[in-house]
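Asks: Structure supplied as run-v1.txt; contents: compact mmCIF, C-alpha atoms.
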```txt
# COMPACT_ATOMS: atom_id res chain seq x y z
CA MET A 1 -24.40 -93.54 59.16
CA ALA A 2 -22.19 -90.56 60.00
CA SER A 3 -25.24 -88.73 61.33
CA ILE A 4 -26.10 -91.64 63.64
CA LYS A 5 -22.52 -91.83 64.95
CA SER A 6 -22.55 -88.10 65.72
CA VAL A 7 -25.77 -88.51 67.68
CA PHE A 8 -24.19 -91.18 69.86
CA VAL A 9 -21.22 -88.91 70.61
CA VAL A 10 -23.52 -86.07 71.66
CA LEU A 11 -25.62 -88.55 73.66
CA ALA A 12 -22.68 -89.64 75.81
CA VAL A 13 -21.66 -86.07 76.59
CA LEU A 14 -25.14 -84.77 77.37
CA VAL A 15 -26.19 -87.70 79.52
CA SER A 16 -22.96 -87.56 81.50
CA ALA A 17 -23.29 -83.85 82.12
CA ALA A 18 -26.85 -84.28 83.42
CA PRO A 19 -27.28 -87.55 85.40
CA MET A 20 -30.46 -89.39 84.46
CA ALA A 21 -31.46 -90.55 87.94
CA VAL A 22 -31.25 -89.45 91.53
CA VAL A 23 -28.24 -91.08 93.19
CA ALA A 24 -29.19 -92.96 96.35
CA GLY A 25 -27.87 -95.66 98.67
CA ASP A 26 -28.96 -98.59 100.81
CA PRO A 27 -30.53 -97.88 104.23
CA ASP A 28 -28.77 -99.10 107.36
CA ILE A 29 -30.29 -102.02 109.25
CA LEU A 30 -30.53 -102.42 113.04
CA THR A 31 -29.94 -106.18 113.08
CA ASP A 32 -27.05 -108.44 112.09
CA PHE A 33 -28.88 -109.43 108.92
CA VAL A 34 -32.37 -109.42 107.44
CA ALA A 35 -33.93 -112.80 108.18
CA PRO A 36 -36.16 -114.23 105.47
CA THR A 37 -39.87 -114.24 106.18
CA TYR A 38 -40.33 -117.45 104.23
CA ILE A 39 -38.13 -119.87 102.32
CA PRO A 40 -39.76 -123.11 101.13
CA GLY A 41 -38.62 -125.93 103.40
CA ILE A 42 -36.63 -123.70 105.79
CA PRO A 43 -38.31 -122.35 108.94
CA ALA A 44 -37.32 -118.73 109.62
CA THR A 45 -36.07 -119.79 113.06
CA ASN A 46 -33.73 -122.43 111.62
CA ILE A 47 -31.46 -120.46 109.26
CA THR A 48 -28.19 -122.18 108.38
CA GLY A 49 -25.13 -121.34 106.33
CA ASP A 50 -27.07 -122.33 103.22
CA PHE A 51 -28.98 -119.06 103.42
CA PHE A 52 -25.70 -117.14 103.16
CA THR A 53 -24.37 -119.21 100.23
CA TYR A 54 -24.87 -118.42 96.54
CA THR A 55 -23.97 -120.96 93.85
CA GLY A 56 -25.27 -119.16 90.76
CA PHE A 57 -21.79 -118.47 89.39
CA ALA A 58 -20.77 -122.13 89.53
CA PHE A 59 -22.61 -123.05 86.34
CA PRO A 60 -20.86 -122.18 83.03
CA LEU A 61 -22.68 -119.91 80.61
CA PRO A 62 -23.55 -121.29 77.16
CA PRO A 63 -21.19 -120.24 74.34
CA LEU A 64 -23.05 -117.03 73.54
CA MET A 65 -21.70 -114.53 71.02
CA THR A 66 -23.21 -111.52 72.81
CA PHE A 67 -22.33 -109.78 76.05
CA SER A 68 -23.94 -111.51 79.04
CA VAL A 69 -24.08 -110.98 82.79
CA LEU A 70 -24.91 -113.15 85.78
CA LYS A 71 -26.04 -111.15 88.80
CA ALA A 72 -25.84 -111.89 92.51
CA SER A 73 -27.95 -109.06 93.84
CA MET A 74 -30.67 -109.07 96.47
CA ALA A 75 -33.15 -110.44 93.94
CA GLN A 76 -31.05 -113.56 93.27
CA PHE A 77 -29.36 -113.82 96.69
CA PRO A 78 -31.77 -112.71 99.48
CA ALA A 79 -29.06 -112.82 102.16
CA LEU A 80 -27.64 -109.60 100.66
CA ASP A 81 -30.66 -107.63 101.87
CA GLY A 82 -29.32 -104.94 104.20
CA GLN A 83 -25.64 -105.75 103.53
CA SER A 84 -24.99 -102.99 100.94
CA VAL A 85 -23.04 -105.28 98.63
CA SER A 86 -23.66 -107.32 95.48
CA TYR A 87 -21.72 -108.96 92.67
CA ALA A 88 -21.90 -109.73 88.96
CA LYS A 89 -20.05 -111.97 86.52
CA LEU A 90 -19.59 -110.38 83.09
CA ARG A 91 -18.74 -112.27 79.92
CA PHE A 92 -17.49 -110.45 76.79
CA PRO A 93 -17.01 -112.45 73.58
CA PRO A 94 -14.68 -110.71 71.08
CA GLY A 95 -16.03 -107.42 69.78
CA THR A 96 -18.89 -107.13 72.29
CA VAL A 97 -19.76 -104.23 74.57
CA ASN A 98 -21.62 -103.57 77.79
CA PRO A 99 -23.39 -100.44 76.50
CA THR A 100 -23.16 -97.06 78.21
CA HIS A 101 -25.11 -97.28 81.47
CA THR A 102 -25.25 -96.06 85.06
CA HIS A 103 -25.79 -97.60 88.49
CA PRO A 104 -27.75 -95.00 90.49
CA ARG A 105 -27.25 -96.64 93.88
CA ALA A 106 -23.62 -97.80 93.88
CA ALA A 107 -20.07 -97.50 92.64
CA GLU A 108 -18.74 -100.48 90.68
CA LEU A 109 -15.36 -102.13 91.24
CA LEU A 110 -14.46 -104.31 88.25
CA PHE A 111 -11.80 -107.06 88.34
CA LEU A 112 -10.73 -108.46 84.97
CA LEU A 113 -10.13 -112.19 85.29
CA GLU A 114 -9.44 -113.15 81.66
CA GLY A 115 -8.75 -111.36 78.38
CA ALA A 116 -8.61 -107.60 77.83
CA LEU A 117 -11.15 -104.77 78.08
CA SER A 118 -11.32 -101.10 77.14
CA VAL A 119 -13.33 -99.29 79.81
CA GLY A 120 -14.22 -95.75 80.73
CA PHE A 121 -16.60 -93.35 82.44
CA VAL A 122 -17.58 -89.71 81.93
CA ASP A 123 -17.83 -87.32 84.87
CA THR A 124 -20.41 -84.55 85.35
CA ALA A 125 -18.03 -82.07 83.69
CA GLY A 126 -18.02 -84.15 80.50
CA LYS A 127 -14.48 -85.50 80.89
CA LEU A 128 -13.78 -89.08 79.75
CA TYR A 129 -11.58 -91.32 81.90
CA ALA A 130 -10.63 -94.38 79.82
CA LYS A 131 -8.21 -97.26 80.27
CA ASP A 132 -7.20 -100.47 78.50
CA LEU A 133 -7.21 -103.28 81.06
CA ALA A 134 -5.30 -106.57 81.10
CA ALA A 135 -6.09 -109.69 83.11
CA GLY A 136 -5.52 -108.99 86.81
CA ASP A 137 -6.34 -105.26 86.58
CA MET A 138 -9.08 -103.51 88.53
CA PHE A 139 -11.04 -100.36 87.65
CA VAL A 140 -13.57 -98.38 89.68
CA PHE A 141 -16.59 -96.66 88.15
CA PRO A 142 -17.83 -93.92 90.51
CA LYS A 143 -21.41 -94.04 91.70
CA GLY A 144 -24.05 -92.83 89.26
CA LEU A 145 -21.70 -91.92 86.37
CA VAL A 146 -22.17 -93.11 82.78
CA HIS A 147 -19.67 -95.86 81.90
CA TYR A 148 -18.98 -98.75 79.52
CA GLN A 149 -16.85 -101.85 78.96
CA TYR A 150 -15.74 -103.11 75.54
CA ASN A 151 -13.76 -106.13 74.38
CA PRO A 152 -11.76 -105.03 71.29
CA GLY A 153 -9.69 -108.21 71.23
CA SER A 154 -9.99 -111.61 69.60
CA ILE A 155 -10.46 -113.75 72.72
CA LEU A 156 -13.10 -114.01 75.42
CA ALA A 157 -12.91 -111.58 78.35
CA VAL A 158 -14.39 -112.43 81.76
CA ALA A 159 -14.74 -109.95 84.62
CA PHE A 160 -16.31 -109.74 88.07
CA SER A 161 -17.87 -106.54 89.42
CA ALA A 162 -18.60 -105.68 93.04
CA PHE A 163 -21.20 -103.04 93.94
CA GLY A 164 -21.73 -101.01 97.12
CA SER A 165 -25.43 -101.83 97.17
CA ALA A 166 -27.52 -104.96 97.47
CA PHE A 167 -29.44 -103.72 94.42
CA ALA A 168 -27.33 -101.22 92.49
CA GLY A 169 -29.84 -100.76 89.67
CA THR A 170 -28.90 -100.30 86.01
CA VAL A 171 -29.98 -97.58 83.59
CA ASN A 172 -29.09 -98.55 80.01
CA VAL A 173 -28.49 -95.16 78.39
CA PRO A 174 -29.28 -95.96 74.71
CA ALA A 175 -32.39 -97.95 75.65
CA ALA A 176 -33.57 -95.34 78.16
CA ILE A 177 -33.29 -92.58 75.57
CA PHE A 178 -34.30 -94.24 72.31
CA GLY A 179 -36.15 -97.33 73.56
CA THR A 180 -38.87 -95.53 75.51
CA ASP A 181 -41.80 -93.29 74.60
CA ILE A 182 -39.98 -89.95 74.59
CA ASP A 183 -41.43 -87.89 71.74
CA ASP A 184 -39.41 -88.11 68.51
CA ALA A 185 -39.44 -84.34 68.06
CA VAL A 186 -38.05 -83.86 71.58
CA LEU A 187 -35.21 -86.29 70.86
CA ALA A 188 -34.46 -84.69 67.50
CA LYS A 189 -34.18 -81.23 69.07
CA SER A 190 -32.22 -82.53 72.06
CA PHE A 191 -29.57 -84.15 69.85
CA LYS A 192 -29.69 -81.54 67.10
CA THR A 193 -30.66 -84.00 64.43
CA ASP A 194 -33.81 -84.89 62.51
CA VAL A 195 -36.72 -87.23 63.21
CA PRO A 196 -35.71 -89.81 60.53
CA THR A 197 -32.34 -90.26 62.30
CA VAL A 198 -34.12 -90.69 65.63
CA LEU A 199 -36.38 -93.31 64.08
CA LYS A 200 -33.34 -95.23 62.76
CA LEU A 201 -31.83 -95.26 66.24
CA LYS A 202 -35.11 -96.42 67.76
CA ALA A 203 -35.42 -99.20 65.19
CA ALA A 204 -31.92 -100.45 65.99
CA LEU A 205 -32.80 -100.69 69.70
CA THR A 206 -36.19 -102.32 69.25
CA PRO A 207 -36.20 -106.14 69.19
CA PRO A 208 -38.05 -107.72 66.27
CA PRO A 209 -41.61 -108.85 67.05
CA THR A 210 -42.04 -112.44 68.21
CA PRO A 211 -43.56 -114.57 65.42
CA LYS A 212 -47.08 -115.73 66.18
CA ASN A 213 -47.88 -119.42 65.82
```
Using structure tokens, write down the structure that the file contains.

Replies:
Amino acid sequence: MASIKSVFVVLAVLVSAAPMAVVAGDPDILTDFVAPTYIPGIPATNITGDFFTYTGFAFPLPPLMTFSVLKASMAQFPALDGQSVSYAKLRFPPGTVNPTHTHPRAAELLFLLEGALSVGFVDTAGKLYAKDLAAGDMFVFPKGLVHYQYNPGSILAVAFSAFGSAFAGTVNVPAAIFGTDIDDAVLAKSFKTDVPTVLKLKAALTPPPTPKN
């Protein structure tokens, strides 16, 4: 167990010092907005305010015991195409975490609505910037840097995040490293550990197979 914990510490430092993806941004558009080419029941020449309205956050999430997120990005809300903005609603039951990750195309501005969160990011020099947030606080995660959010408390935490991109993208660091097909020997050498430890980490990040009927 101690060996696995040490690997995660090294992982955070190494990934932060060498960003995993090219940082990019949304292109500018030459029109007021990007009109849809086709929406069932709505002619493209008869767009109304409905096109610019998103109601996906109005429905309560089920009482899950794991971290969950509702997104309002270009995929869910087509009117955001070309507007360089998107949103997400994050729900943290007690003791849950939004694992270390990056958004290669946008900074993230988080507003904590309910509860408390411990958050932080690591810059390219390997320095950690961490803060304990209370309801009403805001925290910005710079574009492309590895960051996390964790609820250490005993009550539910709810936050909203705004992004400077219609599709910010998310790279889940643990899954990208240990949940892909990178050779075990490469990972063992990269994190100065052994292959059995790498295999334990991979097993923890691999969902169990779906039972066959």

Asks: Quick one, how far is atom CA of A:Gly25 from atom CA of A:Gln83?

Replies: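 Taking atom CA of A:Gly25 and atom CA of A:Gln83, their separation equals 11.4 Å.
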
Asks: Quick one, how far is atom CA of A:Ile29 from atom CA of A:Leu109?

Replies: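 Between atom CA of A:Ile29 and atom CA of A:Leu109 the gap works out to 23.4 Å.
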
Asks: Kindly give the distance, in Å, that separates atom CA of A:Pro152 and atom CA of A:Phe167, rounded to a single decimal.

Replies: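 Rounded to one decimal, the two atoms are 29.1 Å apart.
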
Asks: Quick one: of A:Lys143, A:Lys200, A:His101, A:Lys127, who's nearest to A:Ala176, counting all atoms listed in the file?

Replies: A:His101

Asks: Which residue, A:Gly144, A:Pro93, A:Pro174, A:Pro196, has the smallest gap to A:Ala159 when you use all atoms listed in the file?

Replies: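 Closest to A:Ala159, using all atoms listed in the file: A:Pro93.
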
Asks: Using only C-alpha atoms, which of the listed residues (A:Lys89, A:Val198, A:Gly82, A:Leu112) sits closest to A:Gly179?

Replies: A:Val198

Asks: Would you pick out the contacts of A:Leu90 at 8 Å or less, using all atoms listed in the file, so that residues sharing its chain but fewer than 2 positions from it are not included, and give the list as an MDAnalysis selection string?

Replies: chainID A and resid 67:70 88 92 158:161

Asks: Counting all atoms listed in the file, which residue out of A:Pro94, A:Pro78, A:Gly169, A:Gly49 sits closest to A:Thr66?

Replies: A:Pro94

Asks: Could you tell me which of A:Ser118, A:Thr100, A:Gln76, A:Ser165 comes closest to A:His147 if we count only C-alpha atoms?

Replies: A:Thr100

Asks: For each of A:Phe191, A:Phe163, A:Tyr148, A:Tyr54, take the minimum atom-to-atom distance to A:Ile177, counting only C-alpha atoms, then give the residue where this is smallest.

Replies: A:Phe191
